[in-house]
$ cat coords.txt   # compact mmCIF, N, CA, C and O atoms
# COMPACT_ATOMS: atom_id res chain seq x y z
N MET A 1 -15.02 7.89 -6.26
CA MET A 1 -14.38 7.75 -7.55
C MET A 1 -14.90 6.45 -8.19
O MET A 1 -14.98 5.42 -7.55
N GLY A 2 -15.23 6.52 -9.44
CA GLY A 2 -15.76 5.37 -10.14
C GLY A 2 -17.23 5.54 -10.45
O GLY A 2 -17.88 6.48 -9.99
N ALA A 3 -17.77 4.65 -11.25
CA ALA A 3 -19.18 4.72 -11.65
C ALA A 3 -20.08 4.54 -10.42
O ALA A 3 -19.93 3.55 -9.69
N PRO A 4 -21.00 5.46 -10.19
CA PRO A 4 -21.85 5.39 -9.00
C PRO A 4 -22.63 4.08 -8.86
O PRO A 4 -22.71 3.52 -7.76
N ALA A 5 -23.20 3.57 -9.95
CA ALA A 5 -23.97 2.32 -9.87
C ALA A 5 -23.07 1.15 -9.47
O ALA A 5 -23.47 0.27 -8.70
N LEU A 6 -21.86 1.12 -9.99
CA LEU A 6 -20.92 0.04 -9.64
C LEU A 6 -20.50 0.15 -8.17
O LEU A 6 -20.47 -0.85 -7.45
N ARG A 7 -20.20 1.37 -7.72
CA ARG A 7 -19.82 1.55 -6.31
C ARG A 7 -20.96 1.15 -5.38
O ARG A 7 -20.73 0.53 -4.34
N LEU A 8 -22.18 1.47 -5.74
CA LEU A 8 -23.34 1.09 -4.95
C LEU A 8 -23.49 -0.43 -4.89
O LEU A 8 -23.71 -1.01 -3.82
N ALA A 9 -23.31 -1.10 -6.02
CA ALA A 9 -23.41 -2.57 -6.06
C ALA A 9 -22.32 -3.21 -5.20
O ALA A 9 -22.57 -4.19 -4.49
N ILE A 10 -21.11 -2.66 -5.24
CA ILE A 10 -20.02 -3.19 -4.42
C ILE A 10 -20.32 -3.01 -2.94
O ILE A 10 -20.12 -3.92 -2.13
N ALA A 11 -20.83 -1.84 -2.57
CA ALA A 11 -21.17 -1.58 -1.17
C ALA A 11 -22.28 -2.52 -0.69
O ALA A 11 -22.20 -3.07 0.42
N GLU A 12 -23.28 -2.73 -1.52
CA GLU A 12 -24.37 -3.64 -1.15
C GLU A 12 -23.85 -5.07 -0.98
O GLU A 12 -24.24 -5.77 -0.06
N LYS A 13 -22.96 -5.51 -1.85
CA LYS A 13 -22.36 -6.85 -1.75
C LYS A 13 -21.55 -6.97 -0.45
O LYS A 13 -21.63 -7.97 0.25
N ALA A 14 -20.76 -5.95 -0.14
CA ALA A 14 -19.97 -5.98 1.09
C ALA A 14 -20.85 -6.08 2.33
O ALA A 14 -20.54 -6.81 3.27
N ARG A 15 -21.96 -5.35 2.32
CA ARG A 15 -22.89 -5.40 3.46
C ARG A 15 -23.59 -6.76 3.55
O ARG A 15 -23.65 -7.36 4.61
N ALA A 16 -24.11 -7.25 2.43
CA ALA A 16 -24.92 -8.47 2.43
C ALA A 16 -24.08 -9.73 2.58
O ALA A 16 -24.38 -10.59 3.40
N PHE A 17 -23.03 -9.85 1.81
CA PHE A 17 -22.26 -11.09 1.78
C PHE A 17 -21.20 -11.14 2.87
O PHE A 17 -21.02 -12.16 3.53
N ASN A 18 -20.47 -10.03 3.04
CA ASN A 18 -19.35 -10.00 3.99
C ASN A 18 -19.72 -9.42 5.35
O ASN A 18 -18.90 -9.42 6.26
N ARG A 19 -20.94 -8.86 5.45
CA ARG A 19 -21.39 -8.22 6.68
C ARG A 19 -20.46 -7.09 7.13
O ARG A 19 -20.16 -6.93 8.31
N ILE A 20 -20.00 -6.34 6.14
CA ILE A 20 -19.12 -5.20 6.39
C ILE A 20 -19.95 -3.93 6.19
O ILE A 20 -20.49 -3.72 5.11
N PRO A 21 -20.05 -3.09 7.21
CA PRO A 21 -20.75 -1.82 7.00
C PRO A 21 -20.03 -1.04 5.91
O PRO A 21 -18.81 -0.88 5.95
N CYS A 22 -20.76 -0.60 4.90
CA CYS A 22 -20.11 0.02 3.76
C CYS A 22 -21.02 1.05 3.11
O CYS A 22 -22.18 0.75 2.81
N ASP A 23 -20.51 2.24 2.92
CA ASP A 23 -21.23 3.31 2.23
C ASP A 23 -20.54 3.54 0.89
O ASP A 23 -19.33 3.77 0.84
N ALA A 24 -21.28 3.47 -0.18
CA ALA A 24 -20.71 3.58 -1.52
C ALA A 24 -19.94 4.88 -1.73
O ALA A 24 -18.90 4.90 -2.39
N ASP A 25 -20.44 5.98 -1.16
CA ASP A 25 -19.79 7.27 -1.36
C ASP A 25 -18.57 7.47 -0.46
O ASP A 25 -17.65 8.20 -0.81
N GLN A 26 -18.57 6.85 0.69
CA GLN A 26 -17.50 7.06 1.66
C GLN A 26 -16.43 5.96 1.65
O GLN A 26 -15.29 6.22 2.04
N ASN A 27 -16.79 4.74 1.24
CA ASN A 27 -15.90 3.60 1.43
C ASN A 27 -15.49 2.86 0.18
O ASN A 27 -14.71 1.91 0.28
N VAL A 28 -16.01 3.22 -0.98
CA VAL A 28 -15.72 2.44 -2.19
C VAL A 28 -15.10 3.33 -3.26
O VAL A 28 -15.66 4.38 -3.60
N THR A 29 -13.95 2.91 -3.75
CA THR A 29 -13.29 3.56 -4.88
C THR A 29 -13.05 2.51 -5.94
O THR A 29 -12.55 1.42 -5.64
N VAL A 30 -13.40 2.81 -7.17
CA VAL A 30 -13.18 1.89 -8.29
C VAL A 30 -12.10 2.48 -9.18
O VAL A 30 -12.17 3.64 -9.57
N THR A 31 -11.08 1.68 -9.47
CA THR A 31 -10.01 2.12 -10.36
C THR A 31 -9.89 1.16 -11.54
O THR A 31 -10.49 0.08 -11.54
N CYS A 32 -9.11 1.56 -12.52
CA CYS A 32 -8.91 0.73 -13.72
C CYS A 32 -7.99 -0.46 -13.46
O CYS A 32 -7.94 -1.39 -14.24
N GLY A 33 -7.23 -0.41 -12.38
CA GLY A 33 -6.31 -1.50 -12.08
C GLY A 33 -5.57 -1.24 -10.79
O GLY A 33 -5.73 -0.19 -10.15
N SER A 34 -4.74 -2.20 -10.40
CA SER A 34 -4.06 -2.11 -9.11
C SER A 34 -3.01 -1.00 -9.08
O SER A 34 -2.80 -0.38 -8.04
N THR A 35 -2.34 -0.73 -10.20
CA THR A 35 -1.33 0.32 -10.21
C THR A 35 -1.98 1.68 -9.98
O THR A 35 -1.47 2.51 -9.21
N GLU A 36 -3.11 1.94 -10.62
CA GLU A 36 -3.83 3.20 -10.40
C GLU A 36 -4.29 3.30 -8.96
O GLU A 36 -4.17 4.36 -8.32
N ALA A 37 -4.78 2.21 -8.41
CA ALA A 37 -5.24 2.21 -7.02
C ALA A 37 -4.08 2.47 -6.06
O ALA A 37 -4.21 3.24 -5.10
N MET A 38 -2.93 1.84 -6.34
CA MET A 38 -1.77 2.04 -5.48
C MET A 38 -1.29 3.48 -5.53
O MET A 38 -1.01 4.09 -4.49
N MET A 39 -1.21 4.07 -6.72
CA MET A 39 -0.77 5.46 -6.84
C MET A 39 -1.74 6.41 -6.14
O MET A 39 -1.31 7.33 -5.43
N ALA A 40 -3.03 6.19 -6.31
CA ALA A 40 -4.02 7.05 -5.66
C ALA A 40 -3.87 6.98 -4.14
O ALA A 40 -3.94 8.00 -3.44
N THR A 41 -3.64 5.77 -3.63
CA THR A 41 -3.48 5.59 -2.19
C THR A 41 -2.20 6.25 -1.69
O THR A 41 -2.22 6.98 -0.68
N LEU A 42 -1.09 6.02 -2.39
CA LEU A 42 0.17 6.62 -1.97
C LEU A 42 0.09 8.15 -1.98
O LEU A 42 0.54 8.81 -1.04
N LEU A 43 -0.48 8.70 -3.04
CA LEU A 43 -0.59 10.16 -3.12
C LEU A 43 -1.49 10.73 -2.03
O LEU A 43 -1.31 11.87 -1.60
N ALA A 44 -2.45 9.93 -1.57
CA ALA A 44 -3.37 10.40 -0.53
C ALA A 44 -2.76 10.36 0.86
O ALA A 44 -3.10 11.19 1.70
N ILE A 45 -1.87 9.41 1.13
CA ILE A 45 -1.41 9.22 2.51
C ILE A 45 0.05 9.57 2.77
O ILE A 45 0.44 9.69 3.92
N ILE A 46 0.84 9.74 1.73
CA ILE A 46 2.27 10.00 1.92
C ILE A 46 2.55 11.49 1.85
O ILE A 46 2.03 12.19 1.00
N ASN A 47 3.40 11.94 2.76
CA ASN A 47 3.87 13.32 2.75
C ASN A 47 5.26 13.36 2.12
O ASN A 47 6.03 12.40 2.27
N PRO A 48 5.60 14.44 1.45
CA PRO A 48 6.95 14.54 0.88
C PRO A 48 8.01 14.30 1.94
O PRO A 48 7.92 14.81 3.06
N GLY A 49 8.98 13.47 1.59
CA GLY A 49 10.06 13.15 2.52
C GLY A 49 9.82 11.94 3.40
O GLY A 49 10.72 11.49 4.10
N ASP A 50 8.60 11.40 3.41
CA ASP A 50 8.32 10.19 4.18
C ASP A 50 9.17 9.03 3.65
O ASP A 50 9.62 9.05 2.51
N GLU A 51 9.38 8.05 4.49
CA GLU A 51 10.04 6.82 4.08
C GLU A 51 9.00 5.71 4.01
O GLU A 51 8.11 5.63 4.87
N VAL A 52 9.11 4.87 2.98
CA VAL A 52 8.19 3.76 2.79
C VAL A 52 9.01 2.48 2.72
O VAL A 52 9.92 2.36 1.90
N VAL A 53 8.71 1.55 3.61
CA VAL A 53 9.41 0.27 3.63
C VAL A 53 8.88 -0.61 2.51
O VAL A 53 7.66 -0.80 2.37
N ILE A 54 9.79 -1.13 1.69
CA ILE A 54 9.44 -2.03 0.60
C ILE A 54 10.19 -3.33 0.83
O ILE A 54 11.42 -3.36 0.84
N LEU A 55 9.43 -4.39 1.05
CA LEU A 55 10.03 -5.70 1.29
C LEU A 55 10.44 -6.32 -0.04
O LEU A 55 9.68 -6.31 -1.01
N GLU A 56 11.69 -6.83 -0.09
CA GLU A 56 12.19 -7.50 -1.30
C GLU A 56 12.07 -9.00 -1.13
O GLU A 56 12.40 -9.51 -0.07
N PRO A 57 11.63 -9.71 -2.16
CA PRO A 57 11.29 -9.24 -3.51
C PRO A 57 9.99 -8.47 -3.52
O PRO A 57 9.13 -8.64 -2.65
N PHE A 58 9.83 -7.62 -4.55
CA PHE A 58 8.67 -6.74 -4.60
C PHE A 58 8.20 -6.56 -6.03
O PHE A 58 8.91 -6.83 -6.98
N TYR A 59 6.98 -6.06 -6.16
CA TYR A 59 6.41 -5.71 -7.46
C TYR A 59 7.17 -4.51 -8.01
O TYR A 59 7.45 -3.55 -7.30
N GLU A 60 7.48 -4.56 -9.29
CA GLU A 60 8.37 -3.58 -9.91
C GLU A 60 7.92 -2.13 -9.80
O GLU A 60 8.74 -1.22 -9.88
N ASN A 61 6.66 -1.86 -9.60
CA ASN A 61 6.19 -0.47 -9.52
C ASN A 61 6.30 0.14 -8.14
O ASN A 61 6.13 1.35 -7.99
N TYR A 62 6.54 -0.66 -7.11
CA TYR A 62 6.55 -0.11 -5.75
C TYR A 62 7.57 1.02 -5.60
O TYR A 62 7.23 2.11 -5.11
N GLY A 63 8.82 0.80 -5.97
CA GLY A 63 9.85 1.83 -5.82
C GLY A 63 9.55 3.10 -6.58
O GLY A 63 9.51 4.19 -5.99
N PRO A 64 9.32 3.01 -7.90
CA PRO A 64 9.02 4.22 -8.66
C PRO A 64 7.76 4.95 -8.17
O PRO A 64 7.73 6.18 -8.14
N ASP A 65 6.73 4.21 -7.78
CA ASP A 65 5.51 4.85 -7.30
C ASP A 65 5.74 5.60 -6.00
O ASP A 65 5.19 6.68 -5.79
N VAL A 66 6.57 5.05 -5.14
CA VAL A 66 6.91 5.73 -3.89
C VAL A 66 7.67 7.02 -4.19
O VAL A 66 7.39 8.08 -3.63
N ILE A 67 8.63 6.95 -5.13
CA ILE A 67 9.42 8.13 -5.49
C ILE A 67 8.53 9.21 -6.11
O ILE A 67 8.61 10.38 -5.74
N VAL A 68 7.65 8.82 -7.04
CA VAL A 68 6.73 9.78 -7.66
C VAL A 68 5.83 10.43 -6.61
O VAL A 68 5.46 11.59 -6.74
N SER A 69 5.53 9.69 -5.55
CA SER A 69 4.68 10.21 -4.47
C SER A 69 5.42 11.17 -3.55
O SER A 69 4.84 11.71 -2.63
N GLY A 70 6.72 11.34 -3.79
CA GLY A 70 7.51 12.28 -2.99
C GLY A 70 8.18 11.66 -1.78
O GLY A 70 8.73 12.36 -0.95
N ALA A 71 8.14 10.34 -1.67
CA ALA A 71 8.74 9.66 -0.52
C ALA A 71 10.04 8.97 -0.93
O ALA A 71 10.40 8.92 -2.11
N LYS A 72 10.71 8.43 0.07
CA LYS A 72 11.96 7.70 -0.15
C LYS A 72 11.71 6.22 0.11
O LYS A 72 11.28 5.86 1.21
N PRO A 73 12.01 5.36 -0.87
CA PRO A 73 11.86 3.93 -0.61
C PRO A 73 12.99 3.42 0.28
O PRO A 73 14.13 3.82 0.14
N VAL A 74 12.64 2.57 1.24
CA VAL A 74 13.62 1.90 2.10
C VAL A 74 13.45 0.41 1.84
O VAL A 74 12.44 -0.18 2.21
N TYR A 75 14.43 -0.18 1.15
CA TYR A 75 14.32 -1.58 0.74
C TYR A 75 14.82 -2.50 1.85
O TYR A 75 15.89 -2.27 2.41
N VAL A 76 14.02 -3.49 2.18
CA VAL A 76 14.37 -4.47 3.21
C VAL A 76 14.35 -5.84 2.56
O VAL A 76 13.28 -6.37 2.25
N PRO A 77 15.53 -6.43 2.32
CA PRO A 77 15.56 -7.75 1.68
C PRO A 77 15.08 -8.85 2.63
O PRO A 77 15.38 -8.83 3.82
N LEU A 78 14.32 -9.76 2.09
CA LEU A 78 13.88 -10.94 2.82
C LEU A 78 14.52 -12.16 2.17
O LEU A 78 14.62 -12.24 0.96
N ARG A 79 14.93 -13.11 2.99
CA ARG A 79 15.63 -14.27 2.48
C ARG A 79 14.85 -15.55 2.72
O ARG A 79 14.23 -15.72 3.76
N GLU A 80 14.91 -16.42 1.72
CA GLU A 80 14.29 -17.74 1.84
C GLU A 80 15.08 -18.55 2.86
O GLU A 80 16.23 -18.24 3.13
N PRO A 81 14.55 -19.58 3.45
CA PRO A 81 13.25 -20.18 3.16
C PRO A 81 12.11 -19.58 3.98
O PRO A 81 10.95 -19.77 3.64
N ASP A 82 12.42 -18.82 5.03
CA ASP A 82 11.35 -18.32 5.89
C ASP A 82 11.06 -16.83 5.69
O ASP A 82 10.26 -16.25 6.41
N TYR A 83 11.72 -16.22 4.72
CA TYR A 83 11.49 -14.81 4.36
C TYR A 83 11.63 -13.87 5.56
O TYR A 83 10.77 -13.05 5.84
N THR A 84 12.75 -14.00 6.24
CA THR A 84 13.06 -13.09 7.33
C THR A 84 14.04 -12.03 6.81
O THR A 84 14.71 -12.23 5.80
N SER A 85 14.11 -10.93 7.52
CA SER A 85 15.02 -9.86 7.14
C SER A 85 16.44 -10.22 7.55
O SER A 85 16.67 -10.81 8.60
N THR A 86 17.38 -9.83 6.71
CA THR A 86 18.78 -10.06 7.02
C THR A 86 19.39 -8.85 7.73
O THR A 86 20.52 -8.91 8.17
N ARG A 87 18.62 -7.78 7.84
CA ARG A 87 19.13 -6.58 8.52
C ARG A 87 19.12 -6.79 10.03
O ARG A 87 18.17 -7.33 10.58
N PRO A 88 20.16 -6.31 10.70
CA PRO A 88 20.09 -6.33 12.17
C PRO A 88 18.97 -5.40 12.63
O PRO A 88 18.64 -4.42 11.96
N SER A 89 18.37 -5.71 13.76
CA SER A 89 17.24 -4.92 14.23
C SER A 89 17.60 -3.44 14.39
O SER A 89 16.75 -2.57 14.21
N SER A 90 18.85 -3.12 14.68
CA SER A 90 19.25 -1.72 14.85
C SER A 90 19.25 -0.96 13.53
O SER A 90 19.16 0.27 13.53
N ALA A 91 19.28 -1.67 12.40
CA ALA A 91 19.30 -1.01 11.10
C ALA A 91 17.93 -0.95 10.45
O ALA A 91 17.76 -0.35 9.41
N ARG A 92 16.94 -1.57 11.09
CA ARG A 92 15.59 -1.56 10.53
C ARG A 92 14.88 -0.26 10.82
O ARG A 92 15.00 0.29 11.91
N PRO A 93 14.11 0.23 9.85
CA PRO A 93 13.33 1.45 10.13
C PRO A 93 12.28 1.17 11.19
O PRO A 93 11.75 0.08 11.26
N SER A 94 12.01 2.15 12.01
CA SER A 94 10.96 2.01 13.02
C SER A 94 9.72 2.72 12.55
O SER A 94 9.78 3.90 12.19
N ALA A 95 8.61 2.00 12.52
CA ALA A 95 7.34 2.60 12.08
C ALA A 95 6.97 3.76 12.97
O ALA A 95 7.02 3.67 14.19
N GLY A 96 6.64 4.86 12.36
CA GLY A 96 6.19 6.03 13.11
C GLY A 96 7.30 6.86 13.71
O GLY A 96 7.05 7.83 14.40
N THR A 97 8.56 6.50 13.45
CA THR A 97 9.67 7.27 14.00
C THR A 97 10.00 8.43 13.06
O THR A 97 10.27 8.21 11.89
N PRO A 98 9.93 9.66 13.57
CA PRO A 98 10.25 10.80 12.71
C PRO A 98 11.71 10.71 12.23
O PRO A 98 12.60 10.36 12.99
N ARG A 99 11.92 11.01 10.98
CA ARG A 99 13.28 11.03 10.40
C ARG A 99 13.59 12.48 10.04
O ARG A 99 12.81 13.15 9.42
N ARG A 100 14.73 12.93 10.43
CA ARG A 100 15.14 14.32 10.10
C ARG A 100 16.52 14.31 9.52
O ARG A 100 17.36 13.60 9.75
$ encode --input "coords.txt" --output "structure tokens"
Amino acid sequence: MGAPALRLAIAEKARAFNRIPCDADQNVTVTCGSTEAMMATLLAIINPGDEVVILEPFYENYGPDVIVSGAKPVYVPLREPDYTSTRPSSARPSAGTPRR
């Protein structure tokens, strides 16, 4: 996705400067902005009914984008000064745990 010449230039830069193996057709997607990139990613990897953990405070589009993607946002507040969760560990979602 994106202009082929731009994707090729990005892949070449990643290989030369960052020493990251990169194929323009397989590894590079160019979007108009971060919101478009986030929606494309969410739509590609989320299944309807999935839960997505959103750490608070958060960017305002995270919740709506998760909902539009067919998933349920699970908000986890973080508190200053060390930004730890106030939820007890028993109430925290477990990554990879099926929810029914």
$ residues_around --input "coords.txt" --residues "A:Thr86" --least-positions-apart "5" --cutoff "12 Å" --atoms "only C-alpha atoms" --output "PyMOL selection string"
chain A and resi 55-56+75-80+91-92
$ residues_around --input "coords.txt" --residues "stretch 1-16 of chain A" --least-positions-apart "6" --cutoff "6 Å" --atoms "only C-alpha atoms" --output "PyMOL selection string"
chain A and resi 22-24+28-30
$ select_by_dssp --input "coords.txt" --residues "chain A" --states "helix (DSSP H, G or I)" --output "ChimeraX atom specification"
/A:4-16,24-27,34-45,62-68,89-91
$ axis_aligned_box --input "coords.txt" --around "stretch 18-30 of chain A" --padding-each-side "4 Å" --output "lines of an AutoDock Vina configuration file"
center_x = -17.1
center_y = -0.9
center_z = -0.6
size_x = 18.1
size_y = 26.2
size_z = 25.9
$ atom_distance --input "coords.txt" --atom1 "atom CA of A:Asn27" --atom2 "atom CA of A:Glu60"
27.7 Å
$ atom_distance --input "coords.txt" --atom1 "atom CA of A:Ile46" --atom2 "atom CA of A:Gln26"
20.0 Å
$ closest_residue --input "coords.txt" --among "A:Asp65, A:Ser85, A:Arg19, A:Lys72" --to "A:Leu43" --atoms "all atoms listed in the file"
A:Asp65
$ select_by_dssp --input "coords.txt" --residues "chain A" --states "strand (DSSP E or B)" --output "ChimeraX atom specification"
/A:51-56,72-79,84-85
$ residues_near_point --input "coords.txt" --point "(4.9, 14.4, 0.1)" --cutoff "6 Å" --atoms "only N, CA, C and O atoms" --output "ChimeraX atom specification"
/A:46-50,69-71
$ atom_distance --input "coords.txt" --atom1 "atom CA of A:Ile67" --atom2 "atom CA of A:Leu42"
10.0 Å
$ closest_residue --input "coords.txt" --among "A:Thr84, A:Val66, A:Pro57, A:Pro73" --to "A:Met38" --atoms "all atoms listed in the file"
A:Val66
